[in-house]
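A.B. asks: What follows is input-v3.pdb, PDB, C-alpha atoms.
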ATOM      1  CA  GLU A   1       3.276  12.318  -0.613
ATOM      2  CA  MET A   2      -0.515  11.801  -0.517
ATOM      3  CA  GLU A   3      -0.685  13.411   2.936
ATOM      4  CA  LYS A   4       0.871  16.632   1.614
ATOM      5  CA  GLN A   5      -1.815  16.927  -1.050
ATOM      6  CA  LEU A   6      -4.722  16.652   1.404
ATOM      7  CA  THR A   7      -6.406  19.840   2.525
ATOM      8  CA  GLN A   8      -7.462  20.267   6.148
ATOM      9  CA  GLY A   9     -11.064  19.620   5.128
ATOM     10  CA  ALA A  10     -10.095  16.386   3.359
ATOM     11  CA  LYS A  11      -8.148  15.208   6.403
ATOM     12  CA  ARG A  12     -11.206  15.754   8.561
ATOM     13  CA  ILE A  13     -13.335  13.690   6.166
ATOM     14  CA  LEU A  14     -10.830  10.799   6.117
ATOM     15  CA  ASP A  15     -10.376  10.973   9.915
ATOM     16  CA  GLU A  16      -7.553   8.431   9.777
ATOM     17  CA  THR A  17      -7.383   8.043  13.574
ATOM     18  CA  ASN A  18     -11.194   7.554  13.780
ATOM     19  CA  GLU A  19     -11.287  10.290  16.411
ATOM     20  CA  ASN A  20     -14.721  11.507  15.261
ATOM     21  CA  THR A  21     -16.191   8.130  14.335
ATOM     22  CA  CYS A  22     -19.746   8.078  15.681
ATOM     23  CA  GLY A  23     -23.278   7.818  14.371
ATOM     24  CA  PHE A  24     -26.616   6.039  14.532
ATOM     25  CA  CYS A  25     -28.301   2.822  13.486
ATOM     26  CA  THR A  26     -31.951   1.972  13.113
ATOM     27  CA  PHE A  27     -33.731  -1.375  13.007
ATOM     28  CA  PHE A  28     -37.200  -2.259  11.741
ATOM     29  CA  ILE A  29     -39.547  -5.178  11.423
ATOM     30  CA  LEU A  30     -40.905  -5.061   7.867
ATOM     31  CA  ASP A  31     -43.924  -6.793   6.399
ATOM     32  CA  GLN A  32     -43.640  -8.959   3.277
ATOM     33  CA  ASP A  33     -44.137  -5.875   1.063
ATOM     34  CA  GLY A  34     -41.213  -4.026   2.659
ATOM     35  CA  TYR A  35     -43.293  -1.597   4.742
ATOM     36  CA  ALA A  36     -42.234  -0.875   8.327
ATOM     37  CA  LYS A  37     -44.710  -2.132  10.891
ATOM     38  CA  LYS A  38     -46.158   0.452  13.271
ATOM     39  CA  THR A  39     -46.917  -1.760  16.258
ATOM     40  CA  LYS A  40     -44.980  -1.851  19.536
ATOM     41  CA  GLY A  41     -41.632  -3.612  19.243
ATOM     42  CA  SER A  42     -41.244  -2.940  15.526
ATOM     43  CA  ALA A  43     -38.679  -0.112  15.362
ATOM     44  CA  VAL A  44     -35.701   1.211  17.327
ATOM     45  CA  GLU A  45     -33.063   3.891  16.598
ATOM     46  CA  VAL A  46     -29.910   4.133  18.731
ATOM     47  CA  PRO A  47     -26.386   5.613  18.585
ATOM     48  CA  TRP A  48     -23.442   3.329  17.942
ATOM     49  CA  HIS A  49     -19.872   3.513  19.248
ATOM     50  CA  LEU A  50     -16.491   2.552  17.857
ATOM     51  CA  ALA A  51     -15.749  -0.558  19.931
ATOM     52  CA  SER A  52     -12.466  -1.587  18.335
ATOM     53  CA  SER A  53     -10.054  -0.548  15.616
ATOM     54  CA  ASP A  54      -7.249  -2.936  16.572
ATOM     55  CA  GLY A  55      -5.990  -5.574  14.184
ATOM     56  CA  ASP A  56      -7.480  -5.814  10.711
ATOM     57  CA  ASP A  57     -11.098  -5.004  11.620
ATOM     58  CA  ILE A  58     -13.300  -2.075  12.582
ATOM     59  CA  VAL A  59     -16.066  -2.924  15.062
ATOM     60  CA  LEU A  60     -19.083  -0.685  15.706
ATOM     61  CA  GLU A  61     -21.435  -1.553  18.570
ATOM     62  CA  ALA A  62     -24.892  -0.379  19.615
ATOM     63  CA  GLU A  63     -27.034  -1.151  22.646
ATOM     64  CA  LEU A  64     -30.796  -1.421  22.157
ATOM     65  CA  PRO A  65     -33.425  -0.700  24.820
ATOM     66  CA  ALA A  66     -35.463  -3.611  26.138
ATOM     67  CA  ASN A  67     -38.024  -1.796  28.275
ATOM     68  CA  PRO A  68     -41.790  -2.488  28.240
ATOM     69  CA  LEU A  69     -42.586   0.145  25.575
ATOM     70  CA  PHE A  70     -39.500   0.717  23.470
ATOM     71  CA  PHE A  71     -37.823  -2.427  22.176
ATOM     72  CA  LEU A  72     -37.261  -4.487  19.042
ATOM     73  CA  GLN A  73     -38.977  -7.861  18.906
ATOM     74  CA  VAL A  74     -38.132 -10.804  16.680
ATOM     75  CA  SER A  75     -41.375 -12.728  16.423
ATOM     76  CA  SER A  76     -42.109 -16.028  14.715
ATOM     77  CA  GLU A  77     -45.062 -14.624  12.773
ATOM     78  CA  GLU A  78     -45.232 -15.381   9.077
ATOM     79  CA  GLY A  79     -44.146 -12.630   6.662
ATOM     80  CA  ASN A  80     -42.020 -10.522   9.032
ATOM     81  CA  TYR A  81     -38.505  -9.408   8.082
ATOM     82  CA  PHE A  82     -35.666  -7.977  10.149
ATOM     83  CA  TRP A  83     -33.937  -4.965   8.537
ATOM     84  CA  GLY A  84     -31.834  -1.944   9.472
ATOM     85  CA  GLN A  85     -29.384   0.793   8.466
ATOM     86  CA  TRP A  86     -26.151   2.265   9.874
ATOM     87  CA  TRP A  87     -24.844   5.746   9.104
ATOM     88  CA  LEU A  88     -22.095   8.131  10.151
ATOM     89  CA  GLY A  89     -22.422  11.378  12.060
ATOM     90  CA  ASP A  90     -25.628  13.270  11.454
ATOM     91  CA  ALA A  91     -28.948  12.646  13.172
ATOM     92  CA  LYS A  92     -30.472  11.628   9.832
ATOM     93  CA  ARG A  93     -29.271   9.131   7.258
ATOM     94  CA  THR A  94     -28.514  10.698   3.871
ATOM     95  CA  LYS A  95     -27.087   9.422   0.589
ATOM     96  CA  THR A  96     -23.652  10.766   1.542
ATOM     97  CA  ASN A  97     -23.297   9.342   5.067
ATOM     98  CA  ALA A  98     -24.802   5.835   4.685
ATOM     99  CA  ILE A  99     -22.473   3.092   5.936
ATOM    100  CA  CYS A 100     -24.563  -0.001   5.259
ATOM    101  CA  ASP A 101     -28.057  -1.400   4.753
ATOM    102  CA  LEU A 102     -28.969  -4.792   6.165
ATOM    103  CA  VAL A 103     -30.140  -7.533   3.840
ATOM    104  CA  PRO A 104     -33.714  -8.271   5.068
ATOM    105  CA  LYS A 105     -33.923 -11.580   6.939
ATOM    106  CA  ASP A 106     -37.034 -13.627   7.633
ATOM    107  CA  CYS A 107     -37.875 -13.415  11.355
ATOM    108  CA  LYS A 108     -39.114 -17.001  11.307
ATOM    109  CA  VAL A 109     -35.668 -18.169  10.170
ATOM    110  CA  ILE A 110     -34.090 -16.078  12.944
ATOM    111  CA  GLN A 111     -36.403 -17.601  15.564
ATOM    112  CA  LYS A 112     -35.475 -21.123  14.483
ATOM    113  CA  SER A 113     -31.770 -20.275  14.882
ATOM    114  CA  LEU A 114     -32.435 -19.132  18.467
ATOM    115  CA  ASP A 115     -33.533 -22.573  19.649
ATOM    116  CA  GLY A 116     -31.967 -23.853  22.856
ATOM    117  CA  ASP A 117     -29.359 -21.707  24.621
ATOM    118  CA  ASN A 118     -28.384 -19.701  21.540
ATOM    119  CA  THR A 119     -29.146 -15.982  21.985
ATOM    120  CA  GLU A 120     -27.299 -14.601  18.940
ATOM    121  CA  PHE A 121     -28.024 -14.394  15.235
ATOM    122  CA  GLU A 122     -26.275 -12.859  12.225
ATOM    123  CA  VAL A 123     -27.487 -10.669   9.400
ATOM    124  CA  GLU A 124     -25.526  -9.582   6.328
ATOM    125  CA  ALA A 125     -25.243  -5.936   5.296
ATOM    126  CA  GLN A 126     -24.284  -4.165   2.075
ATOM    127  CA  MET A 127     -22.058  -1.066   1.991
ATOM    128  CA  PRO A 128     -23.260   1.038  -0.988
ATOM    129  CA  PHE A 129     -20.000   3.033  -1.331
ATOM    130  CA  ILE A 130     -17.937  -0.120  -1.858
ATOM    131  CA  LYS A 131     -17.158  -1.242  -5.404
ATOM    132  CA  ASN A 132     -18.818  -4.624  -6.115
ATOM    133  CA  SER A 133     -20.507  -4.289  -2.723
ATOM    134  CA  SER A 134     -22.946  -7.161  -3.302
ATOM    135  CA  SER A 135     -20.028  -9.597  -3.276
ATOM    136  CA  LYS A 136     -18.395  -7.965  -0.226
ATOM    137  CA  LEU A 137     -21.173  -8.135   2.356
ATOM    138  CA  VAL A 138     -20.292  -7.428   5.993
ATOM    139  CA  LYS A 139     -21.644  -9.138   9.121
ATOM    140  CA  VAL A 140     -23.903  -7.737  11.817
ATOM    141  CA  LYS A 141     -24.192  -9.879  14.937
ATOM    142  CA  LEU A 142     -27.237  -9.332  17.155
ATOM    143  CA  THR A 143     -27.836 -10.487  20.716
ATOM    144  CA  THR A 144     -31.301 -11.261  22.082
ATOM    145  CA  LYS A 145     -32.962 -11.610  25.455
ATOM    146  CA  GLU A 146     -36.178 -13.410  26.328
ATOM    147  CA  GLN A 147     -38.585 -11.354  28.445
ATOM    148  CA  LYS A 148     -42.068 -12.706  29.202
ATOM    149  CA  PHE A 149     -42.004 -14.918  26.094
ATOM    150  CA  VAL A 150     -40.941 -11.953  23.920
ATOM    151  CA  THR A 151     -37.595 -12.151  22.081
ATOM    152  CA  LYS A 152     -35.999  -8.695  22.283
ATOM    153  CA  VAL A 153     -32.833  -7.573  20.499
ATOM    154  CA  THR A 154     -30.467  -6.025  23.069
ATOM    155  CA  SER A 155     -27.272  -5.289  21.122
ATOM    156  CA  ALA A 156     -25.845  -5.087  17.610
ATOM    157  CA  LYS A 157     -22.248  -5.387  16.424
ATOM    158  CA  LEU A 158     -21.127  -4.440  12.919
ATOM    159  CA  THR A 159     -17.726  -5.794  11.846
ATOM    160  CA  MET A 160     -15.868  -4.831   8.673
ATOM    161  CA  SER A 161     -12.273  -4.986   7.490
ATOM    162  CA  LYS A 162     -10.130  -1.867   7.728
ATOM    163  CA  ALA A 163      -9.666  -2.071   3.960
ATOM    164  CA  LEU A 164     -13.434  -1.711   3.423
ATOM    165  CA  TRP A 165     -13.657   1.076   6.014
ATOM    166  CA  THR A 166     -10.854   2.977   4.262
ATOM    167  CA  GLU A 167     -12.478   2.464   0.845
ATOM    168  CA  TRP A 168     -15.783   3.701   2.273
ATOM    169  CA  LYS A 169     -14.145   6.870   3.655
ATOM    170  CA  GLU A 170     -12.255   7.530   0.416
ATOM    171  CA  TYR A 171     -15.478   7.336  -1.587
ATOM    172  CA  ARG A 172     -17.119   9.726   0.867
ATOM    173  CA  LEU A 173     -14.157  12.083   0.340
ATOM    174  CA  LYS A 174     -14.820  11.965  -3.427
ATOM    175  CA  LEU A 175     -18.439  12.944  -2.811
ATOM    176  CA  TRP A 176     -17.313  15.825  -0.601
ATOM    177  CA  ARG A 177     -14.777  17.023  -3.177
ATOM    178  CA  SER A 178     -17.259  16.811  -6.041
ATOM    179  CA  GLY A 179     -19.562  19.085  -4.069
ATOM    180  CA  LYS A 180     -16.716  21.588  -3.661
ATOM    181  CA  VAL A 181     -15.569  21.658  -7.300
ATOM    182  CA  TRP A 182     -17.958  24.306  -8.597
ATOM    183  CA  GLY A 183     -17.826  26.381  -5.436
ATOM    184  CA  GLY A 184     -14.020  26.309  -5.407
ATOM    185  CA  ASP A 185     -14.038  26.702  -1.640
ATOM    186  CA  ASP A 186     -11.746  23.939  -0.451
ATOM    187  CA  LYS A 187      -9.720  25.008   2.585
ATOM    188  CA  ASP A 188      -6.369  25.597   0.883
ATOM    189  CA  ASP A 189      -8.063  27.518  -1.943
ATOM    190  CA  GLU A 190      -9.509  29.878   0.654
ATOM    191  CA  LYS A 191      -6.047  30.383   2.140
ATOM    192  CA  GLU A 192      -4.598  31.243  -1.280
ATOM    193  CA  LYS A 193      -7.469  33.651  -1.881
ATOM    194  CA  ASP A 194      -6.791  35.354   1.465
ATOM    195  CA  LYS A 195      -3.079  35.615   0.615
ATOM    196  CA  ASP A 196      -3.835  37.213  -2.773
ATOM    197  CA  GLU A 197      -6.254  39.679  -1.208
ATOM    198  CA  LYS A 198      -3.657  40.589   1.437
ATOM    199  CA  LYS A 199      -1.007  41.157  -1.253
ATOM    200  CA  ASP A 200      -3.385  43.377  -3.238
ATOM    201  CA  GLU A 201      -4.110  45.429  -0.134
ATOM    202  CA  GLU A 202      -0.398  45.802   0.646
ATOM    203  CA  MET A 203       0.284  46.972  -2.930
ATOM    204  CA  LYS A 204      -2.511  49.536  -2.661
ATOM    205  CA  ASP A 205      -1.062  50.819   0.639
ATOM    206  CA  LYS A 206       2.394  51.154  -0.916
ATOM    207  CA  ARG A 207       0.939  52.975  -3.917
ATOM    208  CA  ARG A 208      -0.978  55.389  -1.684
ATOM    209  CA  SER A 209       2.132  55.993   0.428
ATOM    210  CA  LEU A 210       4.249  56.686  -2.668
ATOM    211  CA  GLU A 211       1.647  59.049  -4.136
ATOM    212  CA  SER A 212       1.442  60.885  -0.830
ATOM    213  CA  GLN A 213       5.233  61.216  -0.695
ATOM    214  CA  ILE A 214       5.441  62.512  -4.282
ATOM    215  CA  SER A 215       2.688  65.014  -3.586
ATOM    216  CA  GLY A 216       4.478  66.218  -0.441
ATOM    217  CA  ASP A 217       7.798  66.636  -2.257
ATOM    218  CA  ALA A 218       6.133  68.647  -5.015
ATOM    219  CA  LEU A 219       4.517  70.960  -2.480
ATOM    220  CA  GLU A 220       7.824  71.503  -0.671
ATOM    221  CA  HIS A 221       9.572  72.236  -3.959
ATOM    222  CA  GLY A 222       6.909  74.836  -4.802
ATOM    223  CA  LYS A 223       7.505  76.646  -1.517
ATOM    224  CA  GLU A 224      11.258  76.785  -2.086
ATOM    225  CA  GLY A 225      10.775  78.160  -5.603
ATOM    226  CA  HIS A 226       8.468  80.884  -4.316
ATOM    227  CA  ALA A 227      10.981  81.980  -1.625
ATOM    228  CA  SER A 228      13.847  82.383  -4.123
ATOM    229  CA  GLU A 229      12.012  84.759  -6.493
ATOM    230  CA  PRO A 230      14.121  87.901  -7.389
ATOM    231  CA  PRO A 231      13.186  91.125  -5.578
ATOM    232  CA  SER A 232      10.905  93.486  -7.399
ATOM    233  CA  ASN A 233      12.448  96.485  -9.296
ATOM    234  CA  LYS A 234       9.554  98.659  -8.280
ATOM    235  CA  LYS A 235      10.726 101.712  -6.372
ATOM    236  CA  GLU A 236       9.012 102.867  -3.279
ATOM    237  CA  TYR A 237       8.296 106.524  -2.867
TER     238      TYR A 237
END
Is it possible to give me this structure as C-alpha cells?

C.D. replies:
Amino acid sequence: EMEKQLTQGAKRILDETNENTCGFCTFFILDQDGYAKKTKGSAVEVPWHLASSDGDDIVLEAELPANPLFFLQVSSEEGNYFWGQWWLGDAKRTKTNAICDLVPKDCKVIQKSLDGDNTEFEVEAQMPFIKNSSSKLVKVKLTTKEQKFVTKVTSAKLTMSKALWTEWKEYRLKLWRSGKVWGGDDKDDEKEKDKDEKKDEEMKDKRRSLESQISGDALEHGKEGHASEPPSNKKEY
C-alpha cells in the first residue's frame, strides 16, 4: 500500500536496498574550546563503505591513512578531544545529509584504554534526525596502530540498528518532500502535467482538423451552387 504511494523520487531517497549508500566521514582533534587543531595528525577526511546490512544492523566502515604526513593521532596531551562526523552522499556535509556527530571524547581517556595489547576504542555518536536521539546513541569503533611512538587511527566502524537507519532515511524523505511542496515538482506530478499538456495539444489538433474539414466542405458546396445557376435569358445577336 505504502509502496504504491511513493513517487520515483521518494523511492530513490529511501533506497530500500541500500544500492546507493555511500558517503564520507571526517575526524578531528579538538582543543578544550572545541576548535580544530591545525597541526599534523589533527584531521582526516575519508570515504566510507557499506560493510554489512545483514541481520538487524547496518555497518559502515572507513579506512584512514597512516602515512608520515596525513594521519590522525590520538595523543595523551591534556585538553585534546577526539571528534568526527559522518554524512551521506555529497562531498560536503549539509543539514540534510548528516548521519551522525561523534560525542567528543578526551584523548587522554582514550590513551589509557589503549594500554597493553588493546588497539581499539569506542566513541558514541548522535544521529540528529532520530527522535530522542540523545537517548539512542550509536557506537563507532576505532582501530589504532603504533608507529614510531605515535598512536594513529587506521579504521572506523559505525554500527546502527536497521530501525534507526530506516527512521533516519524516512526523516530525510520528509525534508526532501517539504522542499518540493511549494515547487509542486514531485516526479508523478510532472507526469500528470505532461499528460494534461498532451491532452490539450490533442484537443487543439482535433479542433483544427474539424475546422479545416468544415471550411473545405463549405468551399465545395459553394462551387456546386455556382455550377447549377440557371442560364441567362440574354439573347445573343

A.B. asks: Using all atoms listed in the file, which of the listed residues (A:Gln5, A:Ser209, A:Gln85, A:Asn20) sits closest to A:Pro128?

C.D. replies: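 Nearest to A:Pro128: A:Gln85.
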
A.B. asks: Of the residues A:Pro65, A:Gly79, A:Gly89, A:Gly34, which is the one nearest to A:His49, using all atoms listed in the file?

C.D. replies: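 The answer is A:Gly89, which sits nearest to A:His49.
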
A.B. asks: Would you pick out the contacts of A:Phe27 at 7 Å or less, using all atoms listed in the file, so that residues sharing its chain but fewer than 4 positions from it are not included, and give the list as a PyMOL selection string?

C.D. replies: chain A and resi 43-45+83-85

A.B. asks: Quick one, how far is atom CA of A:Tyr171 from atom CA of A:Asp101?

C.D. replies: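 It comes out at 16.6 Å.
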
A.B. asks: Looking at only C-alpha atoms, which of A:Ala156, A:Ile214, A:Leu88, A:Val150 is the one that sits closest to A:Glu122?

C.D. replies: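 Closest to A:Glu122 of all the choices is A:Ala156.
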
A.B. asks: Which residues would end up in the selection if the PyMOL selection byres ((chain A and resi 94-98) around 12) were applied here, given that I need the answer as a PyMOL selection string?

C.D. replies: chain A and resi 13+21-26+84-93+99-102+125-130+168-179

A.B. asks: Report, in Å to a single decimal, how far apart atom CA of A:Phe71 and atom CA of A:Thr154 are.

C.D. replies: 8.2 Å

A.B. asks: In terms of the shortest atom-to-atom distance over all atoms listed in the file, which of A:Leu64, A:Val74, A:Met203, A:Ile58 is closest to A:Gly41?

C.D. replies: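 The answer is A:Val74, which sits nearest to A:Gly41.
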
A.B. asks: Exactly which residues make up the result of the PyMOL selection byres ((chain A and resi 82) around 7) on this file, given as a VMD selection string?

C.D. replies: chain A and resid 28 to 30 80 to 81 83 104 to 107

A.B. asks: Taking all atoms listed in the file into account, which of A:Glu197, A:Glu146, A:Glu167, A:Asp205 comes nearest A:Leu14?

C.D. replies: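 The shortest atom-to-atom distance to A:Leu14 comes from A:Glu167.
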
A.B. asks: What's the separation between atom CA of A:Leu142 and atom CA of A:Thr166, in Å to one decimal place?

C.D. replies: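 A separation of 24.2 Å between them.
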
A.B. asks: Extending 6 Å beyond the listed atoms of stretch 60-69 of chain A on each side, what axis-aligned box results? I want centre and edge lengths in Å to one decimal, as AutoDock Vina command-line options.

C.D. replies:
--center_x -30.8 --center_y -1.7 --center_z 22.0 --size_x 35.5 --size_y 15.8 --size_z 24.6

A.B. asks: From the list A:Leu158, A:Leu69, A:Glu77, A:Leu164, which residue is nearest A:Ser133 when using only C-alpha atoms?

C.D. replies: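 Checking each of A:Leu158, A:Leu69, A:Glu77, A:Leu164 against A:Ser133, counting only C-alpha atoms, the winner is A:Leu164.
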
A.B. asks: Fewer than 3 positions away in the same chain doesn't count, so skip those; otherwise give me all residues within 10 Å of A:Lys141, counting only C-alpha atoms, as an MDAnalysis selection string.

C.D. replies: chainID A and resid 61 120:124 155:159

A.B. asks: Taking the file above as input, evaluate the PyMOL selection byres ((chain A and resi 114) around 12) and report the hits as a list in words.

C.D. replies: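 Applied to this file, the PyMOL selection byres ((chain A and resi 114) around 12) selects Val74, Ser75, Ser76, Cys107, Lys108, Val109, Ile110, Gln111, Lys112, Ser113, Asp115, Gly116, Asp117, Asn118, Thr119, Glu120, Phe121, Glu122, Leu142, Thr143, Thr144, Lys145, Glu146, Thr151, Lys152 and Val153 of chain A.
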
A.B. asks: Would you write out those residues with C-alpha atoms, as a PDB file, keeping the file's coordinate frame?

C.D. replies:
ATOM      1  CA  VAL A  74     -38.132 -10.804  16.680  1.00  0.00           C
ATOM      2  CA  SER A  75     -41.375 -12.728  16.423  1.00  0.00           C
ATOM      3  CA  SER A  76     -42.109 -16.028  14.715  1.00  0.00           C
ATOM      4  CA  CYS A 107     -37.875 -13.415  11.355  1.00  0.00           C
ATOM      5  CA  LYS A 108     -39.114 -17.001  11.307  1.00  0.00           C
ATOM      6  CA  VAL A 109     -35.668 -18.169  10.170  1.00  0.00           C
ATOM      7  CA  ILE A 110     -34.090 -16.078  12.944  1.00  0.00           C
ATOM      8  CA  GLN A 111     -36.403 -17.601  15.564  1.00  0.00           C
ATOM      9  CA  LYS A 112     -35.475 -21.123  14.483  1.00  0.00           C
ATOM     10  CA  SER A 113     -31.770 -20.275  14.882  1.00  0.00           C
ATOM     11  CA  ASP A 115     -33.533 -22.573  19.649  1.00  0.00           C
ATOM     12  CA  GLY A 116     -31.967 -23.853  22.856  1.00  0.00           C
ATOM     13  CA  ASP A 117     -29.359 -21.707  24.621  1.00  0.00           C
ATOM     14  CA  ASN A 118     -28.384 -19.701  21.540  1.00  0.00           C
ATOM     15  CA  THR A 119     -29.146 -15.982  21.985  1.00  0.00           C
ATOM     16  CA  GLU A 120     -27.299 -14.601  18.940  1.00  0.00           C
ATOM     17  CA  PHE A 121     -28.024 -14.394  15.235  1.00  0.00           C
ATOM     18  CA  GLU A 122     -26.275 -12.859  12.225  1.00  0.00           C
ATOM     19  CA  LEU A 142     -27.237  -9.332  17.155  1.00  0.00           C
ATOM     20  CA  THR A 143     -27.836 -10.487  20.716  1.00  0.00           C
ATOM     21  CA  THR A 144     -31.301 -11.261  22.082  1.00  0.00           C
ATOM     22  CA  LYS A 145     -32.962 -11.610  25.455  1.00  0.00           C
ATOM     23  CA  GLU A 146     -36.178 -13.410  26.328  1.00  0.00           C
ATOM     24  CA  THR A 151     -37.595 -12.151  22.081  1.00  0.00           C
ATOM     25  CA  LYS A 152     -35.999  -8.695  22.283  1.00  0.00           C
ATOM     26  CA  VAL A 153     -32.833  -7.573  20.499  1.00  0.00           C
TER      27      VAL A 153
END

A.B. asks: Counting all atoms listed in the file, what is within 7 Å of A:Asp57, bar same-chain residues fewer than 2 positions away, as a PDB file with C-alpha atoms, in the coordinates of the input?

C.D. replies:
ATOM      1  CA  SER A  53     -10.054  -0.548  15.616  1.00  0.00           C
ATOM      2  CA  ASP A  54      -7.249  -2.936  16.572  1.00  0.00           C
ATOM      3  CA  GLY A  55      -5.990  -5.574  14.184  1.00  0.00           C
ATOM      4  CA  VAL A  59     -16.066  -2.924  15.062  1.00  0.00           C
ATOM      5  CA  THR A 159     -17.726  -5.794  11.846  1.00  0.00           C
ATOM      6  CA  MET A 160     -15.868  -4.831   8.673  1.00  0.00           C
ATOM      7  CA  SER A 161     -12.273  -4.986   7.490  1.00  0.00           C
ATOM      8  CA  LYS A 162     -10.130  -1.867   7.728  1.00  0.00           C
TER       9      LYS A 162
END
